[in-house]
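Encoded as structure tokens, the structure appears first; notes follow it.
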Amino acid sequence: CQYHHVDFYSVSAGRVFMFAPKYVGEIIELPHVQVETGRSVYLEVLSLQPRVFDIFNFFTKDDSASLVSRALQETSPTHKIKRSTTGTTQYSVFAKRTSESGFDTHGMTALKIKRRCMEVLGFDEYIEGHTDGLQILRYNTTTAYVPHM
């Protein structure tokens, strides 16, 4: 008789499921998350404490191109691509931050990806108030990430 081990986790009503990885390198399949490519979305556990995952097949190159295109066309001062800053209340440039960033909160692709995020997290419904915009980050050919913490 061959024994197959199955873990069962229950979640109280009104609570959201939290992944409970057992070891680094574990693969967690997410069959409930659908993408247009038909490829399965899955997580690979990178760390147990804190819990860190790599998400595979979460979005496509077309999704990425669409987000970048929309970000480059954005004209709103709060959402357009501009030099990355520090702080939340004022525009403050920190010399070690060499990136530029913008936000997409309501584009078709951004909404699709935000919905997918909610699916990954196990939410039964999409609630806009529980989401943030997607941050589009860019480094030009003459800049790179510089550790600044």
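Residues are named by chain letter and number: chains run A, B, ... in the order of the structure tokens, numbers start at 1 in each chain, and ligands are numbered from 1 in the order shown.
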
Need to verify the contact set: range 103-119 of chain A, 12 Å, only C-alpha atoms, exclusion of same-chain residues closer than 3 positions in sequence. Can you return it as a compact mmCIF listing (two decimals) with C-alpha atoms, in the first residue's frame?
```
# COMPACT_ATOMS: atom_id res chain seq x y z
CA VAL A 16 -8.05 35.05 4.52
CA PHE A 17 -5.85 31.99 3.95
CA LEU A 30 -2.13 27.79 -7.58
CA PRO A 31 -4.69 26.04 -9.82
CA HIS A 32 -7.36 28.59 -8.89
CA VAL A 33 -5.41 31.40 -10.62
CA GLN A 34 -6.00 31.62 -14.37
CA VAL A 35 -3.84 33.44 -16.94
CA GLU A 36 -4.47 33.87 -20.66
CA VAL A 41 0.79 30.05 -11.75
CA ILE A 55 5.70 33.94 -8.27
CA ASN A 57 3.79 32.87 -14.74
CA PHE A 58 1.96 35.65 -12.93
CA PHE A 59 1.94 38.05 -15.87
CA THR A 60 3.06 37.97 -19.47
CA LYS A 61 5.52 40.01 -21.53
CA ASP A 62 2.47 41.59 -23.21
CA ASP A 63 1.13 42.60 -19.79
CA SER A 64 4.50 44.16 -18.99
CA ALA A 65 4.67 46.03 -22.31
CA SER A 66 1.14 47.32 -21.80
CA LEU A 67 1.93 48.62 -18.29
CA VAL A 68 5.12 50.34 -19.48
CA SER A 69 3.37 51.90 -22.48
CA ARG A 70 0.57 53.28 -20.34
CA ALA A 71 3.03 54.59 -17.73
CA LEU A 72 5.06 56.41 -20.39
CA GLN A 73 1.88 58.06 -21.72
CA GLU A 74 0.61 59.11 -18.27
CA THR A 75 0.40 62.89 -17.75
CA SER A 76 -1.01 63.11 -14.22
CA PRO A 77 1.62 64.69 -11.91
CA THR A 78 0.96 62.05 -9.24
CA HIS A 79 1.13 59.03 -11.56
CA LYS A 80 3.49 59.86 -14.44
CA ILE A 81 7.04 58.48 -14.67
CA LYS A 82 9.42 60.76 -12.80
CA SER A 84 11.85 58.31 -7.58
CA GLU A 100 12.22 56.65 -12.03
CA GLY A 122 -7.50 33.76 -1.91
CA PHE A 123 -10.01 36.60 -1.81
CA ASP A 124 -13.46 35.52 -3.01
CA GLU A 125 -14.15 38.90 -4.56
CA TYR A 126 -12.20 41.87 -5.88
CA ILE A 127 -12.40 44.90 -3.58
CA GLU A 128 -10.70 47.97 -5.08
CA GLY A 129 -10.26 49.54 -1.63
CA HIS A 130 -7.99 46.64 -0.65
CA THR A 131 -5.56 47.31 -3.50
CA ASP A 132 -2.93 49.85 -4.46
CA GLY A 133 -1.85 50.98 -7.89
CA LEU A 134 0.92 49.10 -9.64
CA GLN A 135 4.26 50.87 -9.39
CA ILE A 136 6.18 50.94 -12.65
CA LEU A 137 9.91 51.23 -11.93
CA ARG A 138 12.55 52.13 -14.51
```

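Backbone DSSP assigns helix (DSSP H, G or I) in chain A to Lys61, Asp62, Asp63, Ser64, Ala65, Ser66, Leu67, Val68, Ser69, Arg70, Ala71, Leu72, Gln73, Met108, Thr109, Ala110, Leu111, Lys112, Ile113, Lys114, Arg115, Arg116, Cys117, Met118, Glu119, Val120, Glu128, Gly129 and His130 of chain A.
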
Item checked: Exercise: Glu29 in chain A partners within 8 Å, only C-alpha atoms, chain neighbours under 4 positions left out, as a ChimeraX atom specification -> /A:40-43

Notebook entry, point to check: Which parts of chain A does DSSP call strand (DSSP E) when run on the backbone here, written out as a VMD selection string?
Noted result: chain A and resid 27 to 29 42 to 47 52 to 56 82 to 83 100 to 104 134 to 138

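Reported to one decimal place, the separation of CA of Gly38 in chain A from CA of Val6 in chain A is 26.1 Å.
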
Next item on the list: Excluding Asp7 in chain A and residues on its chain fewer than 2 positions from it, collect all residues at most 12 Å away from it, counting only C-alpha atoms, and give them as a PyMOL selection string.
Entry: chain A and resi 4-5+9-10+19-22

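One finds CA of Leu121 in chain A at 17.4 Å from CA of Leu46 in chain A.
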
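Between CA of Tyr3 in chain A and CA of Ile27 in chain A lies a distance of 20.3 Å.
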